[in-house]
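Peer 1: Pasting a structure below so you can have a look.
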Amino acid sequence: MEPTPNVVKLDELIEMTLSALQELEYSRRSIQVYRQSFSYFLKYANLNEITHYSTELALTFLEDKHTIFSGDISKKSMYAVRKRTLSKLDEMYKYGIITSKQTFSKKRYQFHGALKSSIQKYVAYKSESLSYSRIKSIKLYLERFSQYIADTKDIKTVEDLQLRHVADFIEYCSIYTHNTVYGIRTSIKHYLIYLQSNEYIKYNISNKLPRVVKRRDQSFPKGFTQSQTQALLQSLTNSNPLERRDYAILLLAARLGLRSSDITNLKFSNIDWETNEIHIVQQKTKNALILPLLSDVGEAIINYVKNGRPDIEDPHIFLRAAKPYHKMNSGSLYNIVDKYLKRANIKIPNNKRRGPHALRHSLATLLLENNIPITTIKEILAHK
């Protein structure tokens, strides 16, 4: 038996959602995007003389307004924006809260009801073998699942959990993107296996869940062009400590394809200056990786350490430019790239990547254009 959300007027739900996004410290620009999408949705409802929200209304809106644009890349991008913003509205409607934040590193996940204890134990068990980013995804999905189950009246203990409850929840998540639903199903499936193997539930229902096929984009990921990457790097003058740091960071992304998390977590102990190698364990995959320390990358790091880095005892190479001095947050690298893109007057379309990951993809594209086999490129970028 699935929980029945309260009957809520659409305009009131919109204000509740915007207020929650502001409390979660979404940027002014992001709030504006949400507000515009909500306004468009509200106009659609008014034209159809509908005053109260429902998930069906949101899905109908997306179907009516966006399927006609299937051949237009820019409109596909707008569809993705509309669906993402409406998912927050739907989450507020169903759960009364927004469980995801813009800054995931600050997010504290809470589990609810009869599943709380078993989920906590499951997460602790999986944390021993999975990466930090994967654990965050599992926490997010199981937080939503536990909230749903807590609102289901016929579940008092974990033993009451049945296949129909899980199937109803997966269907309930239809407002999210297809790959998000796939991630939700995968996380719940492994959680159910854990429950059965540890005798929380009697029967194995994990192999009977509704099927969700993951969709993969078969096209090779695109980043900046070689000329754009070069213009971006040349926009830095290296005339002050901040730019010396940023230049070294951008080189690590552009020349070696390192992820933001691996750059900000880079320590002095990871660099072998005698062999000119960088040895790391990737934050995302937990796999070991050895990369060559290219001469320009090494020189940029040395220049920053000698002529820009705050003189404090910290194992991490890259530190905040202002007090308190400590390791940088990986999310700040997006702002760094964006800052120098604007300085170089490089215009990136809204539907294209524009952050540090685009530099990683640019390296992949450059290697591909130079006839490097895809298998070798995957090894260089440390893809499984």
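To be explicit about the labels: the chains of the structure tokens are called A, B, and onward in the order shown, and within each one the residues are counted from 1, while ligands get numbers from 1 in the order they are shown.
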Among range 104-279 of chain A, which ones does DSSP place in alpha helix (DSSP H), written as an MDAnalysis selection string?
Peer 2: chainID A and resid 116:126 132:150 163:172 178:197 226:234 241:256 260:264
Peer 1: For the selection you just gave me, I'd like the residues written to a file as a PDB file, in the first residue's frame, keeping C-alpha atoms.
Peer 2:
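Everything below was put into result_34.pdb:
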ATOM      1  CA  LYS A 116      16.700   2.712   9.566  1.00  0.00           C
ATOM      2  CA  SER A 117      18.849   0.292  11.569  1.00  0.00           C
ATOM      3  CA  SER A 118      19.394  -2.233   8.763  1.00  0.00           C
ATOM      4  CA  ILE A 119      20.295   0.507   6.257  1.00  0.00           C
ATOM      5  CA  GLN A 120      22.822   1.977   8.667  1.00  0.00           C
ATOM      6  CA  LYS A 121      24.462  -1.442   9.073  1.00  0.00           C
ATOM      7  CA  TYR A 122      24.369  -2.061   5.320  1.00  0.00           C
ATOM      8  CA  VAL A 123      26.008   1.296   4.548  1.00  0.00           C
ATOM      9  CA  ALA A 124      28.724   0.613   7.132  1.00  0.00           C
ATOM     10  CA  TYR A 125      29.332  -2.790   5.526  1.00  0.00           C
ATOM     11  CA  LYS A 126      29.540  -1.388   1.973  1.00  0.00           C
ATOM     12  CA  TYR A 132      33.198   7.591  -1.078  1.00  0.00           C
ATOM     13  CA  SER A 133      31.244   8.892  -4.081  1.00  0.00           C
ATOM     14  CA  ARG A 134      29.488   5.530  -4.573  1.00  0.00           C
ATOM     15  CA  ILE A 135      28.530   5.410  -0.908  1.00  0.00           C
ATOM     16  CA  LYS A 136      27.032   8.901  -1.201  1.00  0.00           C
ATOM     17  CA  SER A 137      24.799   7.714  -4.044  1.00  0.00           C
ATOM     18  CA  ILE A 138      23.693   4.665  -2.069  1.00  0.00           C
ATOM     19  CA  LYS A 139      22.887   6.829   0.957  1.00  0.00           C
ATOM     20  CA  LEU A 140      20.862   9.235  -1.147  1.00  0.00           C
ATOM     21  CA  TYR A 141      18.791   6.492  -2.798  1.00  0.00           C
ATOM     22  CA  LEU A 142      18.216   4.544   0.408  1.00  0.00           C
ATOM     23  CA  GLU A 143      17.300   7.743   2.245  1.00  0.00           C
ATOM     24  CA  ARG A 144      14.474   8.280  -0.243  1.00  0.00           C
ATOM     25  CA  PHE A 145      13.494   4.621  -0.074  1.00  0.00           C
ATOM     26  CA  SER A 146      13.371   4.578   3.730  1.00  0.00           C
ATOM     27  CA  GLN A 147      11.257   7.743   3.768  1.00  0.00           C
ATOM     28  CA  TYR A 148       8.793   6.131   1.369  1.00  0.00           C
ATOM     29  CA  ILE A 149       8.620   2.923   3.404  1.00  0.00           C
ATOM     30  CA  ALA A 150       8.223   4.888   6.654  1.00  0.00           C
ATOM     31  CA  LEU A 163       8.240  -7.111  -3.328  1.00  0.00           C
ATOM     32  CA  ARG A 164       5.167  -4.965  -4.004  1.00  0.00           C
ATOM     33  CA  HIS A 165       6.485  -2.230  -1.692  1.00  0.00           C
ATOM     34  CA  VAL A 166       9.757  -2.046  -3.590  1.00  0.00           C
ATOM     35  CA  ALA A 167       8.053  -2.225  -6.989  1.00  0.00           C
ATOM     36  CA  ASP A 168       5.672   0.584  -6.000  1.00  0.00           C
ATOM     37  CA  PHE A 169       8.595   2.766  -4.926  1.00  0.00           C
ATOM     38  CA  ILE A 170      10.485   2.212  -8.188  1.00  0.00           C
ATOM     39  CA  GLU A 171       7.361   3.173 -10.105  1.00  0.00           C
ATOM     40  CA  TYR A 172       6.955   6.124  -7.752  1.00  0.00           C
ATOM     41  CA  HIS A 178      15.985   6.930 -16.528  1.00  0.00           C
ATOM     42  CA  ASN A 179      19.550   6.421 -15.301  1.00  0.00           C
ATOM     43  CA  THR A 180      18.622   7.725 -11.841  1.00  0.00           C
ATOM     44  CA  VAL A 181      15.837   5.127 -11.629  1.00  0.00           C
ATOM     45  CA  TYR A 182      18.389   2.529 -12.709  1.00  0.00           C
ATOM     46  CA  GLY A 183      20.703   3.638  -9.904  1.00  0.00           C
ATOM     47  CA  ILE A 184      17.867   3.525  -7.378  1.00  0.00           C
ATOM     48  CA  ARG A 185      16.902   0.000  -8.427  1.00  0.00           C
ATOM     49  CA  THR A 186      20.510  -1.219  -8.301  1.00  0.00           C
ATOM     50  CA  SER A 187      21.085   0.203  -4.812  1.00  0.00           C
ATOM     51  CA  ILE A 188      17.870  -1.306  -3.464  1.00  0.00           C
ATOM     52  CA  LYS A 189      18.604  -4.671  -5.083  1.00  0.00           C
ATOM     53  CA  HIS A 190      21.967  -4.996  -3.309  1.00  0.00           C
ATOM     54  CA  TYR A 191      20.385  -3.833  -0.067  1.00  0.00           C
ATOM     55  CA  LEU A 192      17.729  -6.561  -0.384  1.00  0.00           C
ATOM     56  CA  ILE A 193      20.417  -9.182  -0.995  1.00  0.00           C
ATOM     57  CA  TYR A 194      22.092  -8.001   2.213  1.00  0.00           C
ATOM     58  CA  LEU A 195      18.796  -8.251   4.126  1.00  0.00           C
ATOM     59  CA  GLN A 196      18.155 -11.811   2.984  1.00  0.00           C
ATOM     60  CA  SER A 197      21.714 -13.044   3.516  1.00  0.00           C
ATOM     61  CA  GLN A 226      42.597  21.788 -28.527  1.00  0.00           C
ATOM     62  CA  SER A 227      42.635  25.510 -29.366  1.00  0.00           C
ATOM     63  CA  GLN A 228      40.174  26.258 -26.547  1.00  0.00           C
ATOM     64  CA  THR A 229      42.282  24.332 -24.046  1.00  0.00           C
ATOM     65  CA  GLN A 230      45.390  26.199 -25.183  1.00  0.00           C
ATOM     66  CA  ALA A 231      43.617  29.574 -24.961  1.00  0.00           C
ATOM     67  CA  LEU A 232      42.359  28.683 -21.486  1.00  0.00           C
ATOM     68  CA  LEU A 233      45.874  27.880 -20.244  1.00  0.00           C
ATOM     69  CA  GLN A 234      47.357  30.978 -21.899  1.00  0.00           C
ATOM     70  CA  PRO A 241      50.117  32.991  -6.028  1.00  0.00           C
ATOM     71  CA  LEU A 242      46.478  32.309  -6.968  1.00  0.00           C
ATOM     72  CA  GLU A 243      47.194  31.986 -10.669  1.00  0.00           C
ATOM     73  CA  ARG A 244      50.282  29.843 -10.071  1.00  0.00           C
ATOM     74  CA  ARG A 245      48.092  27.423  -8.133  1.00  0.00           C
ATOM     75  CA  ASP A 246      45.298  27.485 -10.702  1.00  0.00           C
ATOM     76  CA  TYR A 247      47.721  26.982 -13.595  1.00  0.00           C
ATOM     77  CA  ALA A 248      49.167  23.832 -12.009  1.00  0.00           C
ATOM     78  CA  ILE A 249      45.656  22.539 -11.336  1.00  0.00           C
ATOM     79  CA  LEU A 250      44.490  23.128 -14.906  1.00  0.00           C
ATOM     80  CA  LEU A 251      47.611  21.453 -16.305  1.00  0.00           C
ATOM     81  CA  LEU A 252      46.951  18.331 -14.222  1.00  0.00           C
ATOM     82  CA  ALA A 253      43.463  18.158 -15.698  1.00  0.00           C
ATOM     83  CA  ALA A 254      44.431  19.040 -19.277  1.00  0.00           C
ATOM     84  CA  ARG A 255      47.712  17.106 -19.604  1.00  0.00           C
ATOM     85  CA  LEU A 256      47.020  14.073 -17.416  1.00  0.00           C
ATOM     86  CA  SER A 260      38.896  17.112  -9.646  1.00  0.00           C
ATOM     87  CA  SER A 261      38.803  14.919  -6.541  1.00  0.00           C
ATOM     88  CA  ASP A 262      42.207  13.413  -7.357  1.00  0.00           C
ATOM     89  CA  ILE A 263      43.742  16.856  -7.961  1.00  0.00           C
ATOM     90  CA  THR A 264      42.507  18.357  -4.696  1.00  0.00           C
TER      91      THR A 264
END
Peer 1: Would you mind listing what lies within 8 Å of range 78-85 of chain A as a list in words, with only C-alpha atoms counted and same-chain residues fewer than 4 positions away left out?
Peer 2: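 Contacts, with the query itself left out: Tyr34, Ser37, Phe38, Leu62, His66, Ser74, Leu89, Ile175, Tyr176 and Thr177 of chain A.
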Peer 1: Of the candidates A:Tyr93, A:Tyr203, A:Phe318, A:Tyr334, which shows the shortest atom-to-atom distance to Leu10 in chain A, using only C-alpha atoms?
Peer 2: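 The shortest atom-to-atom distance to Leu10 in chain A comes from A:Tyr93.
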Peer 1: Would you list, as a PyMOL selection string, the residues of range 263-326 of chain A that end up in strand (DSSP E) under DSSP run on this structure's backbone?
Peer 2: chain A and resi 271-272+277-281+288-292
Peer 1: Could you check how far CA of Ser54 in chain A sits from CA of Ile31 in chain A, in Å to one decimal?
Peer 2: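 Calculated distance between CA of Ser54 in chain A and CA of Ile31 in chain A is 21.9 Å.
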Peer 1: Just the residues within 8 Å of Arg360 in chain A, please, counting only C-alpha atoms, with nothing from its chain fewer than 3 positions along; format it as a PDB file with N, CA, C and O atoms, in the first residue's frame.
Peer 2:
ATOM      1  N   GLY A 223      34.933  17.346 -25.069  1.00  0.00           N
ATOM      2  CA  GLY A 223      35.329  18.408 -24.162  1.00  0.00           C
ATOM      3  C   GLY A 223      35.650  19.657 -24.948  1.00  0.00           C
ATOM      4  O   GLY A 223      35.057  19.925 -25.991  1.00  0.00           O
ATOM      5  N   ALA A 253      44.695  18.610 -15.052  1.00  0.00           N
ATOM      6  CA  ALA A 253      43.463  18.158 -15.698  1.00  0.00           C
ATOM      7  C   ALA A 253      43.635  18.025 -17.206  1.00  0.00           C
ATOM      8  O   ALA A 253      43.196  17.042 -17.816  1.00  0.00           O
ATOM      9  N   ALA A 254      44.308  19.009 -17.816  1.00  0.00           N
ATOM     10  CA  ALA A 254      44.431  19.040 -19.277  1.00  0.00           C
ATOM     11  C   ALA A 254      45.486  18.078 -19.816  1.00  0.00           C
ATOM     12  O   ALA A 254      45.298  17.467 -20.871  1.00  0.00           O
ATOM     13  N   LEU A 256      47.073  15.441 -17.953  1.00  0.00           N
ATOM     14  CA  LEU A 256      47.020  14.073 -17.416  1.00  0.00           C
ATOM     15  C   LEU A 256      45.608  13.534 -17.252  1.00  0.00           C
ATOM     16  O   LEU A 256      45.426  12.358 -16.964  1.00  0.00           O
ATOM     17  N   GLY A 257      44.607  14.401 -17.406  1.00  0.00           N
ATOM     18  CA  GLY A 257      43.220  13.935 -17.312  1.00  0.00           C
ATOM     19  C   GLY A 257      42.780  13.559 -15.915  1.00  0.00           C
ATOM     20  O   GLY A 257      41.852  12.760 -15.744  1.00  0.00           O
ATOM     21  N   LEU A 258      43.421  14.120 -14.905  1.00  0.00           N
ATOM     22  CA  LEU A 258      43.041  13.797 -13.525  1.00  0.00           C
ATOM     23  C   LEU A 258      41.679  14.386 -13.190  1.00  0.00           C
ATOM     24  O   LEU A 258      41.328  15.491 -13.613  1.00  0.00           O
ATOM     25  N   ARG A 259      40.898  13.651 -12.398  1.00  0.00           N
ATOM     26  CA  ARG A 259      39.618  14.142 -11.912  1.00  0.00           C
ATOM     27  C   ARG A 259      39.826  15.219 -10.849  1.00  0.00           C
ATOM     28  O   ARG A 259      40.879  15.269 -10.191  1.00  0.00           O
ATOM     29  N   PRO A 356      35.938  21.263 -15.043  1.00  0.00           N
ATOM     30  CA  PRO A 356      37.229  20.565 -15.130  1.00  0.00           C
ATOM     31  C   PRO A 356      37.132  19.215 -15.826  1.00  0.00           C
ATOM     32  O   PRO A 356      38.101  18.760 -16.430  1.00  0.00           O
ATOM     33  N   HIS A 357      35.959  18.573 -15.767  1.00  0.00           N
ATOM     34  CA  HIS A 357      35.827  17.273 -16.426  1.00  0.00           C
ATOM     35  C   HIS A 357      35.901  17.416 -17.940  1.00  0.00           C
ATOM     36  O   HIS A 357      36.260  16.467 -18.644  1.00  0.00           O
ATOM     37  N   LEU A 363      41.406  15.781 -23.318  1.00  0.00           N
ATOM     38  CA  LEU A 363      42.592  14.931 -23.461  1.00  0.00           C
ATOM     39  C   LEU A 363      42.232  13.651 -24.202  1.00  0.00           C
ATOM     40  O   LEU A 363      42.972  13.204 -25.088  1.00  0.00           O
ATOM     41  N   ALA A 364      41.081  13.068 -23.844  1.00  0.00           N
ATOM     42  CA  ALA A 364      40.644  11.846 -24.514  1.00  0.00           C
ATOM     43  C   ALA A 364      40.433  12.088 -26.003  1.00  0.00           C
ATOM     44  O   ALA A 364      40.835  11.280 -26.850  1.00  0.00           O
ATOM     45  N   LEU A 381      43.116   7.270 -18.763  1.00  0.00           N
ATOM     46  CA  LEU A 381      42.138   7.966 -17.930  1.00  0.00           C
ATOM     47  C   LEU A 381      41.655   7.103 -16.768  1.00  0.00           C
ATOM     48  O   LEU A 381      40.793   7.517 -16.008  1.00  0.00           O
TER      49      LEU A 381
END
Peer 1: Would you work out the distance separating CA of Lys208 in chain A from CA of Glu159 in chain A, expressed in Å to one decimal?
Peer 2: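 For CA of Lys208 in chain A relative to CA of Glu159 in chain A, the distance reads 17.2 Å.
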